[in-house]
Amino acid sequence: MMAPRRARAVEAGVDLRDHLIGAAARLIARRGTGGLTVREIAREAEVATGVLYNHFADKEELLALGLHGHVRAAEADLPPLPADDEEVGRALLAYTRRALDLHLAIVPAFANLAPEVLERFTALGNPAAGGQGLRDQLAAFLRRRQEAGDVAAGAPVEAVATMIIGACHEVTLRAPAVVPEGFADDLVTIVLGGIQVR
């Protein structure tokens, strides 16, 4: 009875492995990873449970790939990163708002995540950004602007990037996750005071 469902996914021109990862990503987006079962993923994908084990070493691999797919989809829904010639304050505000929006979309999916799934997820990196996460992208932007003379020569850009992304992460970990009014503007104002060329 399940064989036709498997064939239907393949006949539609969809790679079955990608179809299964997509099903896991959709479930993770809706309900997170905590307690997610192979049976639920198989039901979402409309395949027999055993099919999943033909394509993945174990449940943890599938969950890591599904979580990775969920995060990539959330990133794809965000506005693009600012250009290198964007004024530093406006660029920092764009990075901060992106970090807040991204964290609001993905942090719930990490609740009750098994450590082995997190380890596998982390190993997947961010191929769309040359393996860099948002913190690394922000630090690279600040280094380029520092080299151009738009950020103070001695400013600790790595620490600045960590502080901004960390602050966004922290505020979205609260339950319920509500970003205070003006948070992004206030954070950027504080940071700019420490890195501006004088």
# chains A, B, ... in the order shown; residues from 1 in each chain; ligands from 1
>>> closest_atom_pairs(of="region 38-133 of chain A", to="region 20-26 of chain A", cutoff="8 Å", atoms="only C-alpha atoms", output="tab-separated table")
residue	atom	partner	partner_atom	distance
A:Ile41	CA	A:Ala24	CA	5.6
A:Ala42	CA	A:Leu20	CA	7.6
A:Glu44	CA	A:Ala23	CA	5.7
A:Ala45	CA	A:Ala23	CA	5.3
A:Leu52	CA	A:Leu20	CA	7.3
A:Leu62	CA	A:Ile21	CA	6.5
A:Leu63	CA	A:Ala24	CA	6.7
A:Leu65	CA	A:Ile21	CA	6.2
A:Gly66	CA	A:Ala25	CA	4.2
A:Leu67	CA	A:Ala25	CA	5.8
A:His68	CA	A:Ala25	CA	7.7
A:Gly69	CA	A:Ala25	CA	5.6
A:His70	CA	A:Ala25	CA	4.9
>>> residues_around(residues="region 179-192 of chain A", least_positions_apart="2", cutoff="8 Å", atoms="only C-alpha atoms", output="number ranges by chain")
A: 89, 92-93, 96-97, 100, 160, 164, 171-172, 177, 194-196
>>> residues_around(residues="region 105-114 of chain A", least_positions_apart="6", cutoff="10 Å", atoms="only C-alpha atoms", output="PyMOL selection string")
chain A and resi 25+27-36+60+63-64+67+70-75+99+169+172-173+175+177
>>> write_last_selection(atoms="C-alpha atoms", output="short mmCIF file (atom, residue, chain, number, x, y, z; two decimals), in the first residue's frame")
data_model
loop_
_atom_site.label_atom_id
_atom_site.label_comp_id
_atom_site.auth_asym_id
_atom_site.auth_seq_id
_atom_site.Cartn_x
_atom_site.Cartn_y
_atom_site.Cartn_z
CA ALA A 25 11.70 20.53 7.83
CA LEU A 27 7.21 19.42 10.77
CA ILE A 28 10.09 21.11 12.58
CA ALA A 29 8.83 24.52 11.43
CA ARG A 30 5.37 23.72 12.79
CA ARG A 31 6.22 21.98 16.05
CA GLY A 32 9.98 21.92 16.72
CA THR A 33 12.21 18.88 17.10
CA GLY A 34 11.33 17.85 20.65
CA GLY A 35 9.65 14.45 20.60
CA LEU A 36 9.40 14.34 16.82
CA GLU A 60 19.34 12.01 14.22
CA LEU A 63 16.43 15.57 12.12
CA ALA A 64 19.70 17.46 11.62
CA LEU A 67 16.48 21.39 10.98
CA HIS A 70 14.09 24.76 8.21
CA VAL A 71 16.83 27.29 9.04
CA ARG A 72 17.76 27.76 5.37
CA ALA A 73 14.06 28.31 4.51
CA ALA A 74 13.73 30.89 7.31
CA GLU A 75 16.85 32.68 6.01
CA ALA A 99 19.20 38.40 13.46
CA HIS A 169 19.65 35.44 20.55
CA THR A 172 14.40 35.73 21.56
CA LEU A 173 15.01 32.93 24.08
CA ALA A 175 9.08 32.87 26.75
CA ALA A 177 9.67 35.71 22.69
#
>>> closest_residue(among="A:Ala57, A:Leu142, A:Leu134, A:Ala91", to="Cys168 (chain A)", atoms="only C-alpha atoms")
A:Leu134
>>> atom_distance(atom1="CA of Ala167 (chain A)", atom2="CA of Ala94 (chain A)")
14.6 Å
>>> closest_atom_pairs(of="region 128-182 of chain A", to="region 82-88 of chain A", cutoff="9 Å", atoms="only C-alpha atoms", output="JSON lines")
{"residue": "A:Phe141", "atom": "CA", "partner": "A:Asp84", "partner_atom": "CA", "distance": 6.8}
{"residue": "A:Leu142", "atom": "CA", "partner": "A:Val88", "partner_atom": "CA", "distance": 8.2}
{"residue": "A:Arg144", "atom": "CA", "partner": "A:Asp84", "partner_atom": "CA", "distance": 7.8}
{"residue": "A:Arg145", "atom": "CA", "partner": "A:Asp84", "partner_atom": "CA", "distance": 7.5}
{"residue": "A:Asp150", "atom": "CA", "partner": "A:Val88", "partner_atom": "CA", "distance": 7.4}
{"residue": "A:Val151", "atom": "CA", "partner": "A:Val88", "partner_atom": "CA", "distance": 7.9}
>>> write_last_selection(atoms="C-alpha atoms", output="PDB file, in the first residue's frame")
ATOM      1  CA  PHE A 141      31.385  43.118   7.026  1.00  0.00           C
ATOM      2  CA  LEU A 142      32.799  45.119   9.956  1.00  0.00           C
ATOM      3  CA  ARG A 144      35.900  45.255   5.507  1.00  0.00           C
ATOM      4  CA  ARG A 145      34.486  48.572   6.728  1.00  0.00           C
ATOM      5  CA  ASP A 150      34.656  53.579   8.270  1.00  0.00           C
ATOM      6  CA  VAL A 151      35.075  51.731  11.585  1.00  0.00           C
TER       7      VAL A 151
END
>>> atom_distance(atom1="CA of Arg17 (chain A)", atom2="CA of Gly131 (chain A)")
22.4 Å
>>> select_by_dssp(residues="chain A", states="alpha helix (DSSP H)", output="ChimeraX atom specification")
/A:3-11,16-31,38-45,49-55,59-76,88-106,115-124,134-147,157-172,183-195
>>> atom_distance(atom1="CA of Arg174 (chain A)", atom2="CA of Leu102 (chain A)")
14.8 Å
>>> decode(residues="region 100-137 of chain A", atoms="N, CA, C and O atoms", output="PDB file, in the first residue's frame")
ATOM      1  N   LEU A 100      17.269  39.265  14.661  1.00  0.00           N
ATOM      2  CA  LEU A 100      16.054  39.136  15.466  1.00  0.00           C
ATOM      3  C   LEU A 100      14.992  38.317  14.732  1.00  0.00           C
ATOM      4  O   LEU A 100      14.409  37.386  15.303  1.00  0.00           O
ATOM      5  N   ASP A 101      14.746  38.649  13.478  1.00  0.00           N
ATOM      6  CA  ASP A 101      13.731  37.931  12.703  1.00  0.00           C
ATOM      7  C   ASP A 101      14.101  36.461  12.533  1.00  0.00           C
ATOM      8  O   ASP A 101      13.249  35.573  12.652  1.00  0.00           O
ATOM      9  N   LEU A 102      15.367  36.202  12.254  1.00  0.00           N
ATOM     10  CA  LEU A 102      15.811  34.819  12.082  1.00  0.00           C
ATOM     11  C   LEU A 102      15.668  34.038  13.385  1.00  0.00           C
ATOM     12  O   LEU A 102      15.126  32.929  13.395  1.00  0.00           O
ATOM     13  N   HIS A 103      16.118  34.633  14.481  1.00  0.00           N
ATOM     14  CA  HIS A 103      16.017  33.928  15.763  1.00  0.00           C
ATOM     15  C   HIS A 103      14.563  33.696  16.169  1.00  0.00           C
ATOM     16  O   HIS A 103      14.233  32.629  16.695  1.00  0.00           O
ATOM     17  N   LEU A 104      13.697  34.655  15.928  1.00  0.00           N
ATOM     18  CA  LEU A 104      12.279  34.449  16.245  1.00  0.00           C
ATOM     19  C   LEU A 104      11.704  33.273  15.453  1.00  0.00           C
ATOM     20  O   LEU A 104      10.866  32.531  15.958  1.00  0.00           O
ATOM     21  N   ALA A 105      12.185  33.089  14.231  1.00  0.00           N
ATOM     22  CA  ALA A 105      11.684  32.005  13.381  1.00  0.00           C
ATOM     23  C   ALA A 105      12.271  30.647  13.739  1.00  0.00           C
ATOM     24  O   ALA A 105      11.592  29.627  13.623  1.00  0.00           O
ATOM     25  N   ILE A 106      13.526  30.607  14.183  1.00  0.00           N
ATOM     26  CA  ILE A 106      14.174  29.296  14.338  1.00  0.00           C
ATOM     27  C   ILE A 106      14.396  28.835  15.773  1.00  0.00           C
ATOM     28  O   ILE A 106      14.483  27.629  16.011  1.00  0.00           O
ATOM     29  N   VAL A 107      14.482  29.743  16.731  1.00  0.00           N
ATOM     30  CA  VAL A 107      14.791  29.329  18.104  1.00  0.00           C
ATOM     31  C   VAL A 107      13.807  28.286  18.635  1.00  0.00           C
ATOM     32  O   VAL A 107      14.229  27.306  19.262  1.00  0.00           O
ATOM     33  N   PRO A 108      12.490  28.421  18.403  1.00  0.00           N
ATOM     34  CA  PRO A 108      11.583  27.392  18.926  1.00  0.00           C
ATOM     35  C   PRO A 108      11.904  25.976  18.425  1.00  0.00           C
ATOM     36  O   PRO A 108      11.665  25.005  19.139  1.00  0.00           O
ATOM     37  N   ALA A 109      12.468  25.868  17.240  1.00  0.00           N
ATOM     38  CA  ALA A 109      12.784  24.544  16.691  1.00  0.00           C
ATOM     39  C   ALA A 109      13.921  23.865  17.445  1.00  0.00           C
ATOM     40  O   ALA A 109      14.080  22.652  17.371  1.00  0.00           O
ATOM     41  N   PHE A 110      14.715  24.637  18.183  1.00  0.00           N
ATOM     42  CA  PHE A 110      15.854  24.083  18.914  1.00  0.00           C
ATOM     43  C   PHE A 110      15.494  23.628  20.326  1.00  0.00           C
ATOM     44  O   PHE A 110      16.320  23.029  21.006  1.00  0.00           O
ATOM     45  N   ALA A 111      14.262  23.903  20.772  1.00  0.00           N
ATOM     46  CA  ALA A 111      13.849  23.495  22.115  1.00  0.00           C
ATOM     47  C   ALA A 111      13.884  21.975  22.223  1.00  0.00           C
ATOM     48  O   ALA A 111      13.399  21.266  21.334  1.00  0.00           O
ATOM     49  N   ASN A 112      14.466  21.486  23.275  1.00  0.00           N
ATOM     50  CA  ASN A 112      14.559  20.042  23.551  1.00  0.00           C
ATOM     51  C   ASN A 112      15.313  19.274  22.468  1.00  0.00           C
ATOM     52  O   ASN A 112      15.072  18.081  22.259  1.00  0.00           O
ATOM     53  N   LEU A 113      16.214  19.941  21.783  1.00  0.00           N
ATOM     54  CA  LEU A 113      16.998  19.298  20.733  1.00  0.00           C
ATOM     55  C   LEU A 113      18.056  18.395  21.360  1.00  0.00           C
ATOM     56  O   LEU A 113      18.799  18.825  22.246  1.00  0.00           O
ATOM     57  N   ALA A 114      18.135  17.176  20.895  1.00  0.00           N
ATOM     58  CA  ALA A 114      19.130  16.235  21.403  1.00  0.00           C
ATOM     59  C   ALA A 114      20.530  16.713  21.025  1.00  0.00           C
ATOM     60  O   ALA A 114      20.737  17.189  19.910  1.00  0.00           O
ATOM     61  N   PRO A 115      21.491  16.586  21.930  1.00  0.00           N
ATOM     62  CA  PRO A 115      22.856  17.063  21.649  1.00  0.00           C
ATOM     63  C   PRO A 115      23.462  16.471  20.380  1.00  0.00           C
ATOM     64  O   PRO A 115      24.146  17.172  19.640  1.00  0.00           O
ATOM     65  N   GLU A 116      23.207  15.209  20.093  1.00  0.00           N
ATOM     66  CA  GLU A 116      23.782  14.603  18.885  1.00  0.00           C
ATOM     67  C   GLU A 116      23.178  15.200  17.609  1.00  0.00           C
ATOM     68  O   GLU A 116      23.851  15.296  16.590  1.00  0.00           O
ATOM     69  N   VAL A 117      21.921  15.630  17.674  1.00  0.00           N
ATOM     70  CA  VAL A 117      21.305  16.288  16.516  1.00  0.00           C
ATOM     71  C   VAL A 117      21.927  17.673  16.334  1.00  0.00           C
ATOM     72  O   VAL A 117      22.255  18.069  15.218  1.00  0.00           O
ATOM     73  N   LEU A 118      22.120  18.399  17.437  1.00  0.00           N
ATOM     74  CA  LEU A 118      22.746  19.718  17.366  1.00  0.00           C
ATOM     75  C   LEU A 118      24.165  19.613  16.797  1.00  0.00           C
ATOM     76  O   LEU A 118      24.560  20.418  15.955  1.00  0.00           O
ATOM     77  N   GLU A 119      24.912  18.616  17.222  1.00  0.00           N
ATOM     78  CA  GLU A 119      26.277  18.424  16.718  1.00  0.00           C
ATOM     79  C   GLU A 119      26.279  18.181  15.216  1.00  0.00           C
ATOM     80  O   GLU A 119      27.059  18.767  14.471  1.00  0.00           O
ATOM     81  N   ARG A 120      25.373  17.342  14.744  1.00  0.00           N
ATOM     82  CA  ARG A 120      25.290  17.068  13.304  1.00  0.00           C
ATOM     83  C   ARG A 120      24.805  18.287  12.532  1.00  0.00           C
ATOM     84  O   ARG A 120      25.284  18.574  11.437  1.00  0.00           O
ATOM     85  N   PHE A 121      23.849  19.011  13.103  1.00  0.00           N
ATOM     86  CA  PHE A 121      23.357  20.237  12.473  1.00  0.00           C
ATOM     87  C   PHE A 121      24.498  21.239  12.310  1.00  0.00           C
ATOM     88  O   PHE A 121      24.691  21.821  11.246  1.00  0.00           O
ATOM     89  N   THR A 122      25.262  21.444  13.364  1.00  0.00           N
ATOM     90  CA  THR A 122      26.366  22.404  13.340  1.00  0.00           C
ATOM     91  C   THR A 122      27.394  22.026  12.284  1.00  0.00           C
ATOM     92  O   THR A 122      27.933  22.897  11.591  1.00  0.00           O
ATOM     93  N   ALA A 123      27.655  20.750  12.129  1.00  0.00           N
ATOM     94  CA  ALA A 123      28.632  20.279  11.145  1.00  0.00           C
ATOM     95  C   ALA A 123      28.195  20.578   9.711  1.00  0.00           C
ATOM     96  O   ALA A 123      29.030  20.666   8.811  1.00  0.00           O
ATOM     97  N   LEU A 124      26.890  20.780   9.485  1.00  0.00           N
ATOM     98  CA  LEU A 124      26.398  21.054   8.133  1.00  0.00           C
ATOM     99  C   LEU A 124      26.776  22.462   7.660  1.00  0.00           C
ATOM    100  O   LEU A 124      26.854  22.704   6.460  1.00  0.00           O
ATOM    101  N   GLY A 125      26.998  23.401   8.593  1.00  0.00           N
ATOM    102  CA  GLY A 125      27.399  24.759   8.223  1.00  0.00           C
ATOM    103  C   GLY A 125      26.330  25.489   7.434  1.00  0.00           C
ATOM    104  O   GLY A 125      25.175  25.100   7.402  1.00  0.00           O
ATOM    105  N   ASN A 126      26.745  26.567   6.785  1.00  0.00           N
ATOM    106  CA  ASN A 126      25.846  27.397   5.994  1.00  0.00           C
ATOM    107  C   ASN A 126      26.437  27.555   4.600  1.00  0.00           C
ATOM    108  O   ASN A 126      27.118  28.550   4.320  1.00  0.00           O
ATOM    109  N   PRO A 127      26.202  26.580   3.719  1.00  0.00           N
ATOM    110  CA  PRO A 127      26.815  26.643   2.393  1.00  0.00           C
ATOM    111  C   PRO A 127      26.426  27.881   1.585  1.00  0.00           C
ATOM    112  O   PRO A 127      27.208  28.358   0.778  1.00  0.00           O
ATOM    113  N   ALA A 128      25.249  28.425   1.837  1.00  0.00           N
ATOM    114  CA  ALA A 128      24.816  29.610   1.083  1.00  0.00           C
ATOM    115  C   ALA A 128      25.684  30.821   1.388  1.00  0.00           C
ATOM    116  O   ALA A 128      25.770  31.741   0.593  1.00  0.00           O
ATOM    117  N   ALA A 129      26.326  30.827   2.552  1.00  0.00           N
ATOM    118  CA  ALA A 129      27.161  31.966   2.945  1.00  0.00           C
ATOM    119  C   ALA A 129      28.624  31.550   3.064  1.00  0.00           C
ATOM    120  O   ALA A 129      29.349  32.057   3.902  1.00  0.00           O
ATOM    121  N   GLY A 130      29.039  30.620   2.242  1.00  0.00           N
ATOM    122  CA  GLY A 130      30.425  30.173   2.289  1.00  0.00           C
ATOM    123  C   GLY A 130      30.783  29.517   3.610  1.00  0.00           C
ATOM    124  O   GLY A 130      31.915  29.589   4.057  1.00  0.00           O
ATOM    125  N   GLY A 131      29.806  28.879   4.242  1.00  0.00           N
ATOM    126  CA  GLY A 131      30.039  28.206   5.509  1.00  0.00           C
ATOM    127  C   GLY A 131      29.916  29.119   6.715  1.00  0.00           C
ATOM    128  O   GLY A 131      30.067  28.690   7.843  1.00  0.00           O
ATOM    129  N   GLN A 132      29.629  30.407   6.490  1.00  0.00           N
ATOM    130  CA  GLN A 132      29.559  31.369   7.591  1.00  0.00           C
ATOM    131  C   GLN A 132      28.146  31.510   8.125  1.00  0.00           C
ATOM    132  O   GLN A 132      27.182  31.543   7.369  1.00  0.00           O
ATOM    133  N   GLY A 133      28.058  31.642   9.443  1.00  0.00           N
ATOM    134  CA  GLY A 133      26.807  32.006  10.076  1.00  0.00           C
ATOM    135  C   GLY A 133      26.667  33.518  10.070  1.00  0.00           C
ATOM    136  O   GLY A 133      27.568  34.254   9.630  1.00  0.00           O
ATOM    137  N   LEU A 134      25.557  34.016  10.585  1.00  0.00           N
ATOM    138  CA  LEU A 134      25.288  35.453  10.557  1.00  0.00           C
ATOM    139  C   LEU A 134      26.322  36.231  11.371  1.00  0.00           C
ATOM    140  O   LEU A 134      26.748  37.318  10.969  1.00  0.00           O
ATOM    141  N   ARG A 135      26.775  35.693  12.495  1.00  0.00           N
ATOM    142  CA  ARG A 135      27.794  36.374  13.296  1.00  0.00           C
ATOM    143  C   ARG A 135      29.074  36.548  12.488  1.00  0.00           C
ATOM    144  O   ARG A 135      29.683  37.618  12.482  1.00  0.00           O
ATOM    145  N   ASP A 136      29.481  35.491  11.799  1.00  0.00           N
ATOM    146  CA  ASP A 136      30.690  35.565  10.977  1.00  0.00           C
ATOM    147  C   ASP A 136      30.520  36.533   9.807  1.00  0.00           C
ATOM    148  O   ASP A 136      31.454  37.249   9.441  1.00  0.00           O
ATOM    149  N   GLN A 137      29.330  36.563   9.217  1.00  0.00           N
ATOM    150  CA  GLN A 137      29.067  37.488   8.121  1.00  0.00           C
ATOM    151  C   GLN A 137      29.142  38.936   8.610  1.00  0.00           C
ATOM    152  O   GLN A 137      29.712  39.798   7.938  1.00  0.00           O
TER     153      GLN A 137
END
